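Working notes for the structure below.
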Protein chains: 2
Amino acid sequence: MHLTISRAELSRVISAVSRVVESRNIIEILSNLRLVATDDTLTVTATDLAIVAEAKAPATVAAAGSVCVDAKLFGDIAKKAGASEIILLLDDDKLVVKSGRSRFSLRTLPAADFPSMGADSFNAEFETDIADLLSSVAFAAGTNDIREMLNGVLLRSKAGKLVAVATDGHRLARSQGDEAPSFDDIIIPNKAVSVMPKGTTIVSVSPEKMRVIGEDITITTKLIGMEYPDYERVIPQHNDKVVAVNRDEMMRAADRVVTVSSEKSKGVRLSIASGAIQFSARSDAGEAADEVAADYSGEPIDYGLNSLYLRDMLAALPPGKVKLALSESNSPAVVTGENDNWDGVLMPLRVN
Amino acid sequence: MHLTISRAELSRVISAVSRVVESRNIIEILSNLRLVATDDTLTVTATDLAIVAEAKAPATVAAAGSVCVDAKLFGDIAKKAGASEIILLLDDDKLVVKSGRSRFSLRTLPAADFPSMGADSFNAEFETDIADLLSSVAFAAGTNDIREMLNGVLLRSKAGKLVAVATDGHRLARSQGDEAPSFDDIIIPNKAVSVMPKGTTIVSVSPEKMRVIGEDITITTKLIGMEYPDYERVIPQHNDKVVAVNRDEMMRAADRVVTVSSEKSKGVRLSIASGAIQFSARSDAGEAADEVAADYSGEPIDYGLNSLYLRDMLAALPPGKVKLALSESNSPAVVTGENDNWDGVLMPLRVN
């Protein structure tokens, strides 16, 4: 292997794929990147065995070849390179990296040792901004939940459109996306959601795998092969106590009063009455109250919420008006914004 | 106590003094601020028993008084306040904080419980930018060293001028400052150094205490009442192998080659010969070499250094030319910049 590549291009592809590399690996090869030089391209690949990330950069290749090298070390060297061009050269089993007056000679592993995910075959393909769709609900997913299917985002095709759903049992978020052909429901693990390429992508799905081709990077991920809970059953359909309020004012008031909360749950009480919501919280440290103007003409109702969950959900909505639809103090609340492609559910919290 | 104060002023004084408050306190009063309202001023005080920080802000005081309140909680509330004016009001033993539509009622402790450092009496007073002087050497001080006198910065008056010195035994930095009257050497603990007011200050010293009056804040600190080592003995006087090099080029080359180092010491070898310094480092991960142009005409010499110590020292100097004066590979190096008020010493390191 012998090639010349621009520092900017090399840094770009290394950073793009390195987000998949786990920082601590028992299996050494998983802390490596695989470099493959062919024709006029350097292909850099990273994997954690569940996700494969691949990025390509133009290069002047004098001799084709392939090798594996430590991802962090190689990334640091590319970033700090002294000149705008970098020469990569395989010298026996060492990868030589030259730039300006500096020269590195790095330990390598054979390219053949790099794990492969096997052949790809997919049942459906569509074009969409998948990162945008998944990330609009991902905050509500479980993390390290023993119900493994909750540690990811459900993606389904319903009535010809994509729907993404995430829930951890305390909150739920649902978002409708672009048109797509029919395919069996899949659950995309949280980590894969977090490394999705931004912008318009070509997505291919099968029951076992999803491949996302973005402008700079291709991500292929294994899926959570389990059944997702019947989430539609938990979204209330008849909550008729609807209060409309400015998103930012609500976020600020909730954030302000929970300053006094010491517990983890950060509970906040909403006392909703004609024209206003009163927010309150209390702990050993003291009490706090705040008030926000609201459109509401129903009967007064008190409602307890986890303020962190409320904040996450409001943050997923665009600024402007948000609606909270309630039924009773001990039943779930539905949250919607001005965009009717998105809705969320918050479970009530007992607040002192 | 009953007063009105601007949110910006209240936030300013709380942040200024809160740097002294330790985040975890067994003694509850030490996580509190003392508020004292008199005439047209709110005085806010924090202490960790070794340092007292005091800041004043203009306020409209309807009723004088004093109380202690949790520093973190009170600071958060001031920052998040909904309006630009804040009302503070002592209601029985609760501190009521009102701003816009929000109202807090906070637990307090009696002002009388707040620890006092006792009366101040000082032997000498002078005007100087003390933060600038101390921070130019503070990076070289010990941290949690069992030789307690090293965990701070020595300040002395020598031949009518201030001199600040710090060393951890592996490196030493010395800086000469403004004119000052004669006083006995003092050692200022690291934490006090880090909270010194910026800009021109009035400094008063005694063998036990130092008081620094800045524009926004007054800091009074206990001193380390021990004898400082005879540092002048360890600064080489006759190092005649002098190499001059550009500071930034040297920093970058050293930083680049130690990318391959895995050990904590981050050793770098300097091979100094006519016209250039070659930097090199090696570890199990690989080898690295780089070169920087240098003014040098003496005999070639190899010199090992801890690259982190080298970086810290170079960062304390202004950009431009720096000089490294050596004698032998196993004796200390003297580092100077274009400003002749500052010099540093680095101990050699055995590098593989």
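Ordered as shown in the structure tokens, chains take letters A, B, and onward, while each chain numbers its residues from 1 and ligands are numbered from 1 in the order shown.
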
* Taking only C-alpha atoms into account, which residues of chain B are within 8 Å of chain A, as JSON, numbers by chain? -> {"B": [73, 76, 77, 80, 81, 101, 102, 103, 104, 105, 106, 107, 256, 257, 259, 260, 284, 285, 286, 287, 288, 289, 290, 291]}

Could the residues in this selection be written to a file with N, CA and C atoms, as a compact mmCIF listing (two decimals), in the first residue's frame?
```txt
# COMPACT_ATOMS: atom_id res chain seq x y z
N LEU B 73 -27.95 26.78 45.31
CA LEU B 73 -29.37 27.01 45.06
C LEU B 73 -29.64 28.49 44.79
N ASP B 76 -28.28 29.50 41.39
CA ASP B 76 -29.13 29.02 40.28
C ASP B 76 -30.38 29.88 40.14
N ILE B 77 -30.97 30.21 41.28
CA ILE B 77 -32.21 31.00 41.25
C ILE B 77 -31.94 32.39 40.68
N LYS B 80 -31.57 32.17 36.90
CA LYS B 80 -32.78 31.84 36.14
C LYS B 80 -33.91 32.84 36.37
N ALA B 81 -33.68 33.86 37.18
CA ALA B 81 -34.77 34.76 37.56
C ALA B 81 -35.48 35.29 36.32
N ARG B 101 -43.09 36.70 37.88
CA ARG B 101 -44.18 35.91 38.43
C ARG B 101 -43.69 34.77 39.31
N SER B 102 -42.37 34.67 39.53
CA SER B 102 -41.87 33.54 40.32
C SER B 102 -41.55 33.95 41.76
N ARG B 103 -41.70 32.98 42.65
CA ARG B 103 -41.52 33.23 44.07
C ARG B 103 -40.87 32.01 44.69
N PHE B 104 -39.76 32.21 45.38
CA PHE B 104 -39.08 31.12 46.07
C PHE B 104 -39.07 31.40 47.55
N SER B 105 -39.15 30.33 48.34
CA SER B 105 -39.07 30.47 49.78
C SER B 105 -38.00 29.48 50.23
N LEU B 106 -36.84 29.97 50.69
CA LEU B 106 -35.68 29.11 50.89
C LEU B 106 -35.31 28.96 52.36
N ARG B 107 -34.86 27.76 52.71
CA ARG B 107 -34.35 27.50 54.04
C ARG B 107 -33.09 28.35 54.28
N ARG B 256 3.17 16.46 18.46
CA ARG B 256 2.96 15.50 17.38
C ARG B 256 3.64 14.16 17.69
N VAL B 257 4.90 14.22 18.09
CA VAL B 257 5.61 12.94 18.27
C VAL B 257 5.09 12.16 19.48
N THR B 259 2.20 11.70 20.30
CA THR B 259 0.95 11.00 19.96
C THR B 259 1.14 9.49 20.13
N VAL B 260 2.33 9.00 19.80
CA VAL B 260 2.57 7.54 19.90
C VAL B 260 2.88 7.09 21.33
N ASP B 284 5.14 0.88 22.30
CA ASP B 284 4.71 -0.35 21.63
C ASP B 284 3.88 -0.04 20.39
N ALA B 285 3.19 1.10 20.40
CA ALA B 285 2.29 1.43 19.29
C ALA B 285 3.04 1.87 18.05
N GLY B 286 4.28 2.35 18.22
CA GLY B 286 5.05 2.78 17.06
C GLY B 286 6.10 3.82 17.41
N GLU B 287 6.66 4.43 16.37
CA GLU B 287 7.69 5.43 16.55
C GLU B 287 7.29 6.71 15.83
N ALA B 288 7.84 7.83 16.29
CA ALA B 288 7.53 9.09 15.63
C ALA B 288 8.75 9.99 15.66
N ALA B 289 8.92 10.78 14.60
CA ALA B 289 10.03 11.73 14.54
C ALA B 289 9.55 13.00 13.86
N ASP B 290 10.11 14.12 14.29
CA ASP B 290 9.79 15.40 13.66
C ASP B 290 11.00 16.31 13.83
N GLU B 291 11.01 17.40 13.10
CA GLU B 291 12.19 18.26 13.13
C GLU B 291 11.78 19.72 13.09
```

* To do: Report the residues of region 122-344 of chain A whose backbone DSSP state falls under strand (DSSP E or B), written as a ChimeraX atom specification.
  => /A:124-128,152-158,161-167,171-179,186-189,201-205,209-213,218-222,241-246,267-273,276-283,286-295,301-306,321-326,333-336,342-344

Produce the least-squares-superposed copy of chain B, fitted on chain A over all in-order C-alpha pairs, as a short mmCIF file (atom, residue, chain, number, x, y, z; two decimals) with C-alpha atoms, in the first residue's frame.
```cif
data_model
loop_
_atom_site.label_atom_id
_atom_site.label_comp_id
_atom_site.auth_asym_id
_atom_site.auth_seq_id
_atom_site.Cartn_x
_atom_site.Cartn_y
_atom_site.Cartn_z
CA MET B 1 -0.06 0.03 -0.02
CA HIS B 2 1.26 3.45 -0.93
CA LEU B 3 -0.87 6.53 -1.37
CA THR B 4 -1.05 10.31 -1.00
CA ILE B 5 -4.15 11.93 0.50
CA SER B 6 -5.13 15.39 1.70
CA ARG B 7 -5.05 15.83 5.48
CA ALA B 8 -8.55 17.33 5.46
CA GLU B 9 -10.03 14.35 3.58
CA LEU B 10 -8.25 11.81 5.75
CA SER B 11 -9.36 13.55 8.96
CA ARG B 12 -12.91 13.74 7.65
CA VAL B 13 -13.26 10.02 6.92
CA ILE B 14 -11.53 8.96 10.14
CA SER B 15 -13.81 11.16 12.29
CA ALA B 16 -16.87 10.03 10.37
CA VAL B 17 -16.34 6.33 11.04
CA SER B 18 -14.62 6.57 14.44
CA ARG B 19 -17.86 7.36 16.26
CA VAL B 20 -18.64 3.66 15.91
CA VAL B 21 -15.41 2.56 17.63
CA GLU B 22 -15.92 1.82 21.34
CA SER B 23 -13.32 3.54 23.50
CA ARG B 24 -12.53 0.39 25.45
CA ASN B 25 -12.20 -2.85 23.57
CA ILE B 26 -11.22 -6.26 24.83
CA ILE B 27 -10.92 -7.43 21.21
CA GLU B 28 -8.01 -5.40 19.85
CA ILE B 29 -9.09 -5.44 16.20
CA LEU B 30 -12.27 -3.52 17.17
CA SER B 31 -10.18 -0.52 18.20
CA ASN B 32 -8.66 -0.54 14.71
CA LEU B 33 -9.77 0.96 11.43
CA ARG B 34 -9.43 -1.02 8.22
CA LEU B 35 -7.80 0.96 5.41
CA VAL B 36 -8.25 -0.24 1.85
CA ALA B 37 -6.52 1.55 -1.02
CA THR B 38 -7.79 0.80 -4.54
CA ASP B 39 -7.67 2.78 -7.77
CA ASP B 40 -8.08 6.38 -6.66
CA THR B 41 -9.86 5.80 -3.36
CA LEU B 42 -9.05 5.16 0.28
CA THR B 43 -11.89 3.31 2.06
CA VAL B 44 -11.88 3.48 5.86
CA THR B 45 -14.05 1.08 7.88
CA ALA B 46 -14.87 0.81 11.58
CA THR B 47 -17.06 -1.69 13.40
CA ASP B 48 -18.23 -2.67 16.87
CA LEU B 49 -19.63 -6.00 15.49
CA ALA B 50 -23.20 -4.55 15.54
CA ILE B 51 -22.57 -1.52 13.32
CA VAL B 52 -20.26 -1.12 10.34
CA ALA B 53 -19.30 2.41 9.25
CA GLU B 54 -17.58 2.96 5.95
CA ALA B 55 -16.31 6.20 4.39
CA LYS B 56 -14.39 6.90 1.20
CA ALA B 57 -11.94 9.64 0.27
CA PRO B 58 -10.14 10.42 -2.98
CA ALA B 59 -6.44 9.52 -2.91
CA THR B 60 -3.53 9.17 -5.30
CA VAL B 61 -2.82 5.46 -5.02
CA ALA B 62 0.64 4.35 -6.15
CA ALA B 63 0.19 0.81 -4.80
CA ALA B 64 -3.10 -0.78 -3.76
CA GLY B 65 -3.32 -2.65 -0.47
CA SER B 66 -5.05 -2.92 2.87
CA VAL B 67 -4.18 -2.93 6.57
CA CYS B 68 -5.65 -2.29 10.03
CA VAL B 69 -4.34 0.45 12.36
CA ASP B 70 -5.35 1.81 15.78
CA ALA B 71 -8.25 4.23 15.24
CA LYS B 72 -7.45 6.73 17.98
CA LEU B 73 -3.74 6.94 17.27
CA PHE B 74 -4.24 7.20 13.51
CA GLY B 75 -6.95 9.84 13.98
CA ASP B 76 -4.74 11.93 16.29
CA ILE B 77 -1.85 11.76 13.85
CA ALA B 78 -4.02 12.80 10.90
CA LYS B 79 -5.38 15.75 12.90
CA LYS B 80 -1.94 16.96 13.98
CA ALA B 81 -0.20 16.37 10.64
CA GLY B 82 2.24 19.16 9.85
CA ALA B 83 1.45 19.52 6.15
CA SER B 84 -1.70 19.50 4.04
CA GLU B 85 -0.74 16.25 2.30
CA ILE B 86 -0.17 12.92 4.00
CA ILE B 87 1.66 9.90 2.58
CA LEU B 88 0.61 6.44 3.77
CA LEU B 89 2.98 3.60 3.04
CA LEU B 90 3.04 -0.02 4.19
CA ASP B 91 6.62 -0.92 5.07
CA ASP B 92 6.74 -4.62 5.99
CA ASP B 93 4.14 -4.76 8.81
CA LYS B 94 4.46 -1.08 9.77
CA LEU B 95 2.25 1.71 8.47
CA VAL B 96 4.45 4.70 7.74
CA VAL B 97 2.69 8.08 7.91
CA LYS B 98 4.66 11.01 6.51
CA SER B 99 3.67 14.66 6.45
CA GLY B 100 6.01 17.63 6.17
CA ARG B 101 9.04 16.94 8.36
CA SER B 102 7.25 14.36 10.54
CA ARG B 103 7.34 10.61 10.13
CA PHE B 104 5.41 7.96 12.05
CA SER B 105 5.88 4.22 11.95
CA LEU B 106 2.82 2.46 13.41
CA ARG B 107 2.06 -1.08 14.49
CA THR B 108 -0.64 -2.75 12.34
CA LEU B 109 -2.91 -5.78 12.21
CA PRO B 110 -3.68 -7.75 9.03
CA ALA B 111 -6.69 -6.50 7.05
CA ALA B 112 -7.94 -10.10 6.91
CA ASP B 113 -8.46 -10.05 10.70
CA PHE B 114 -11.07 -7.30 10.41
CA PRO B 115 -14.55 -8.71 11.14
CA SER B 116 -17.13 -8.79 8.36
CA MET B 117 -20.89 -8.63 8.80
CA GLY B 118 -21.60 -11.01 5.92
CA ALA B 119 -23.50 -10.45 2.72
CA ASP B 120 -26.20 -7.79 2.50
CA SER B 121 -29.67 -8.53 1.20
CA PHE B 122 -32.57 -6.18 1.69
CA ASN B 123 -36.35 -6.25 1.18
CA ALA B 124 -37.19 -2.59 0.81
CA GLU B 125 -35.46 0.66 -0.10
CA PHE B 126 -36.47 4.31 0.25
CA GLU B 127 -35.04 7.82 0.37
CA THR B 128 -35.44 9.94 3.53
CA ASP B 129 -33.67 12.10 6.12
CA ILE B 130 -33.47 9.16 8.51
CA ALA B 131 -31.31 10.92 11.14
CA ASP B 132 -33.87 13.70 11.45
CA LEU B 133 -36.80 11.31 11.76
CA LEU B 134 -35.19 8.99 14.32
CA SER B 135 -33.63 11.73 16.43
CA SER B 136 -36.97 13.52 16.81
CA VAL B 137 -38.15 10.62 19.01
CA ALA B 138 -34.91 9.02 20.24
CA PHE B 139 -34.82 11.00 23.53
CA ALA B 140 -37.81 8.93 24.73
CA ALA B 141 -36.12 5.54 24.19
CA GLY B 142 -35.00 3.35 27.06
CA THR B 143 -31.34 3.13 28.04
CA ASN B 144 -30.00 -0.16 29.37
CA ASP B 145 -33.60 -1.24 29.93
CA ILE B 146 -34.01 -4.95 30.62
CA ARG B 147 -36.85 -4.83 28.10
CA GLU B 148 -34.27 -4.81 25.32
CA MET B 149 -36.70 -3.79 22.59
CA LEU B 150 -37.10 -0.39 24.29
CA ASN B 151 -33.39 0.44 23.88
CA GLY B 152 -33.94 1.59 20.34
CA VAL B 153 -36.34 3.29 17.96
CA LEU B 154 -39.16 1.46 16.19
CA LEU B 155 -39.35 2.21 12.47
CA ARG B 156 -42.40 1.04 10.58
CA SER B 157 -44.22 1.73 7.36
CA LYS B 158 -47.85 2.50 8.06
CA ALA B 159 -50.38 3.46 5.40
CA GLY B 160 -47.51 4.21 3.02
CA LYS B 161 -45.60 6.49 5.40
CA LEU B 162 -42.67 6.04 7.77
CA VAL B 163 -43.45 6.19 11.48
CA ALA B 164 -40.77 6.32 14.20
CA VAL B 165 -41.62 5.57 17.83
CA ALA B 166 -39.58 5.47 21.04
CA THR B 167 -40.65 4.88 24.64
CA ASP B 168 -39.09 3.98 27.97
CA GLY B 169 -42.43 3.28 29.65
CA HIS B 170 -42.58 6.74 31.29
CA ARG B 171 -42.80 8.73 28.07
CA LEU B 172 -43.38 8.06 24.41
CA ALA B 173 -42.66 10.02 21.24
CA ARG B 174 -44.01 9.33 17.77
CA SER B 175 -43.13 11.02 14.53
CA GLN B 176 -44.44 10.56 10.99
CA GLY B 177 -42.02 10.86 8.10
CA ASP B 178 -41.77 10.53 4.35
CA GLU B 179 -43.55 8.03 2.11
CA ALA B 180 -42.04 4.56 2.01
CA PRO B 181 -42.85 1.10 0.63
CA SER B 182 -44.22 -1.52 2.98
CA PHE B 183 -41.77 -3.48 5.18
CA ASP B 184 -41.85 -5.41 8.45
CA ASP B 185 -41.36 -3.31 11.61
CA ILE B 186 -37.72 -2.93 12.65
CA ILE B 187 -36.11 -1.69 15.87
CA ILE B 188 -32.89 0.31 15.43
CA PRO B 189 -30.57 0.20 18.46
CA ASN B 190 -29.83 3.54 20.19
CA LYS B 191 -26.18 3.60 19.22
CA ALA B 192 -27.00 3.12 15.53
CA VAL B 193 -29.57 5.93 15.79
CA SER B 194 -26.87 8.25 17.15
CA VAL B 195 -24.45 7.62 14.27
CA MET B 196 -26.92 7.93 11.38
CA PRO B 197 -25.65 10.10 8.49
CA LYS B 198 -27.27 13.54 8.39
CA GLY B 199 -29.32 14.78 5.44
CA THR B 200 -31.03 12.80 2.70
CA THR B 201 -30.02 9.13 2.64
CA ILE B 202 -30.90 5.92 0.85
CA VAL B 203 -32.20 3.41 3.40
CA SER B 204 -32.42 -0.34 2.79
CA VAL B 205 -34.06 -2.65 5.32
CA SER B 206 -34.38 -6.35 5.98
CA PRO B 207 -35.63 -8.08 9.13
CA GLU B 208 -32.01 -8.42 10.35
CA LYS B 209 -30.22 -5.34 9.05
CA MET B 210 -30.54 -1.74 7.95
CA ARG B 211 -28.15 0.02 5.60
CA VAL B 212 -28.08 3.81 5.31
CA ILE B 213 -26.10 5.41 2.50
CA GLY B 214 -25.36 9.05 3.25
CA GLU B 215 -23.31 11.60 1.41
CA ASP B 216 -20.11 10.99 3.41
CA ILE B 217 -20.64 7.63 5.06
CA THR B 218 -22.49 4.32 4.82
CA ILE B 219 -23.79 2.79 8.04
CA THR B 220 -24.94 -0.82 8.22
CA THR B 221 -26.45 -1.94 11.51
CA LYS B 222 -27.89 -5.06 13.01
CA LEU B 223 -31.41 -4.62 14.42
CA ILE B 224 -33.07 -5.56 17.67
CA GLY B 225 -34.90 -8.70 16.51
CA MET B 226 -37.76 -8.53 18.99
CA GLU B 227 -41.37 -7.45 18.97
CA TYR B 228 -42.11 -3.84 19.97
CA PRO B 229 -44.89 -3.24 22.53
CA ASP B 230 -48.30 -2.23 21.19
CA TYR B 231 -47.68 1.48 21.73
CA GLU B 232 -50.88 2.68 20.05
CA ARG B 233 -52.86 1.25 22.96
CA VAL B 234 -51.14 3.62 25.43
CA ILE B 235 -51.74 6.83 23.48
CA PRO B 236 -54.93 8.34 24.93
CA GLN B 237 -57.54 9.15 22.28
CA HIS B 238 -60.08 11.10 24.31
CA ASN B 239 -58.16 13.54 26.50
CA ASP B 240 -60.49 16.55 26.34
CA LYS B 241 -58.88 18.94 28.82
CA VAL B 242 -56.65 20.80 26.37
CA VAL B 243 -54.37 23.62 27.50
CA ALA B 244 -52.31 25.63 25.01
CA VAL B 245 -49.19 27.43 26.15
CA ASN B 246 -46.01 28.98 24.75
CA ARG B 247 -43.27 26.34 24.64
CA ASP B 248 -40.39 28.52 25.83
CA GLU B 249 -42.35 30.12 28.67
CA MET B 250 -43.36 26.66 29.89
CA MET B 251 -39.78 25.34 29.70
CA ARG B 252 -38.44 28.30 31.63
CA ALA B 253 -41.11 28.17 34.36
CA ALA B 254 -40.65 24.42 34.89
CA ASP B 255 -36.87 24.78 34.91
CA ARG B 256 -37.06 27.65 37.40
CA VAL B 257 -39.25 25.96 39.99
CA VAL B 258 -37.36 22.66 39.99
CA THR B 259 -34.23 24.56 41.06
CA VAL B 260 -35.39 23.76 44.61
CA SER B 261 -35.92 20.04 43.90
CA SER B 262 -33.31 17.73 45.28
CA GLU B 263 -34.78 14.37 44.31
CA LYS B 264 -33.80 12.67 41.11
CA SER B 265 -37.29 12.79 39.68
CA LYS B 266 -37.37 16.59 39.65
CA GLY B 267 -41.12 16.58 40.06
CA VAL B 268 -43.12 19.67 39.13
CA ARG B 269 -46.80 20.27 39.83
CA LEU B 270 -48.93 21.99 37.20
CA SER B 271 -52.08 23.64 38.52
CA ILE B 272 -54.09 24.41 35.42
CA ALA B 273 -56.95 26.87 35.69
CA SER B 274 -58.68 29.35 33.44
CA GLY B 275 -56.06 31.49 31.70
CA ALA B 276 -52.91 30.25 33.44
CA ILE B 277 -50.77 27.34 34.57
CA GLN B 278 -49.18 27.62 37.99
CA PHE B 279 -45.93 25.63 38.34
CA SER B 280 -44.72 24.61 41.78
CA ALA B 281 -42.09 22.41 43.41
CA ARG B 282 -40.83 21.85 46.91
CA SER B 283 -38.14 20.06 48.87
CA ASP B 284 -36.31 20.35 52.18
CA ALA B 285 -34.40 23.26 50.65
CA GLY B 286 -37.53 25.34 50.07
CA GLU B 287 -40.53 25.99 47.87
CA ALA B 288 -40.93 27.58 44.47
CA ALA B 289 -43.85 28.81 42.37
CA ASP B 290 -44.17 30.38 38.95
CA GLU B 291 -46.97 31.12 36.52
CA VAL B 292 -47.42 31.12 32.76
CA ALA B 293 -50.35 32.45 30.73
CA ALA B 294 -52.32 29.65 28.99
CA ASP B 295 -55.40 29.16 26.82
CA TYR B 296 -57.66 26.99 28.95
CA SER B 297 -61.33 27.15 29.78
CA GLY B 298 -62.07 23.74 31.28
CA GLU B 299 -62.32 22.67 34.90
CA PRO B 300 -59.22 23.29 37.05
CA ILE B 301 -56.91 20.27 37.20
CA ASP B 302 -53.67 19.51 39.06
CA TYR B 303 -51.09 17.42 37.25
CA GLY B 304 -47.67 16.15 38.38
CA LEU B 305 -44.80 15.63 35.91
CA ASN B 306 -41.12 14.75 35.82
CA SER B 307 -39.70 18.10 34.75
CA LEU B 308 -36.73 16.51 32.97
CA TYR B 309 -39.09 14.45 30.80
CA LEU B 310 -41.21 17.53 30.16
CA ARG B 311 -38.13 19.51 29.11
CA ASP B 312 -36.87 16.76 26.76
CA MET B 313 -40.28 16.54 25.13
CA LEU B 314 -40.73 20.28 24.72
CA ALA B 315 -37.23 20.48 23.25
CA ALA B 316 -38.27 17.99 20.55
CA LEU B 317 -40.99 20.39 19.42
CA PRO B 318 -40.51 23.60 17.42
CA PRO B 319 -40.79 26.89 19.36
CA GLY B 320 -44.29 28.36 19.44
CA LYS B 321 -47.52 26.99 20.81
CA VAL B 322 -47.69 23.53 22.43
CA LYS B 323 -50.77 21.69 23.60
CA LEU B 324 -51.17 19.48 26.64
CA ALA B 325 -54.26 17.24 26.47
CA LEU B 326 -55.28 15.72 29.82
CA SER B 327 -58.07 13.54 31.10
CA GLU B 328 -57.44 12.98 34.82
CA SER B 329 -54.55 13.65 37.23
CA ASN B 330 -53.52 9.99 37.22
CA SER B 331 -53.77 9.23 33.51
CA PRO B 332 -51.29 9.99 30.70
CA ALA B 333 -50.96 13.43 29.06
CA VAL B 334 -50.66 13.93 25.30
CA VAL B 335 -48.25 16.61 24.08
CA THR B 336 -48.46 18.09 20.59
CA GLY B 337 -46.88 21.06 18.84
CA GLU B 338 -47.74 23.14 15.82
CA ASN B 339 -46.41 20.36 13.59
CA ASP B 340 -49.06 17.63 13.44
CA ASN B 341 -46.60 14.94 12.34
CA TRP B 342 -45.39 14.58 15.91
CA ASP B 343 -47.00 13.64 19.23
CA GLY B 344 -45.80 12.55 22.61
CA VAL B 345 -47.17 10.98 25.79
CA LEU B 346 -46.04 11.72 29.36
CA MET B 347 -47.02 9.54 32.30
CA PRO B 348 -48.15 11.42 35.40
CA LEU B 349 -45.85 11.63 38.44
CA ARG B 350 -46.95 11.87 42.06
CA VAL B 351 -45.53 15.17 43.29
CA ASN B 352 -45.54 16.19 46.97
#
```
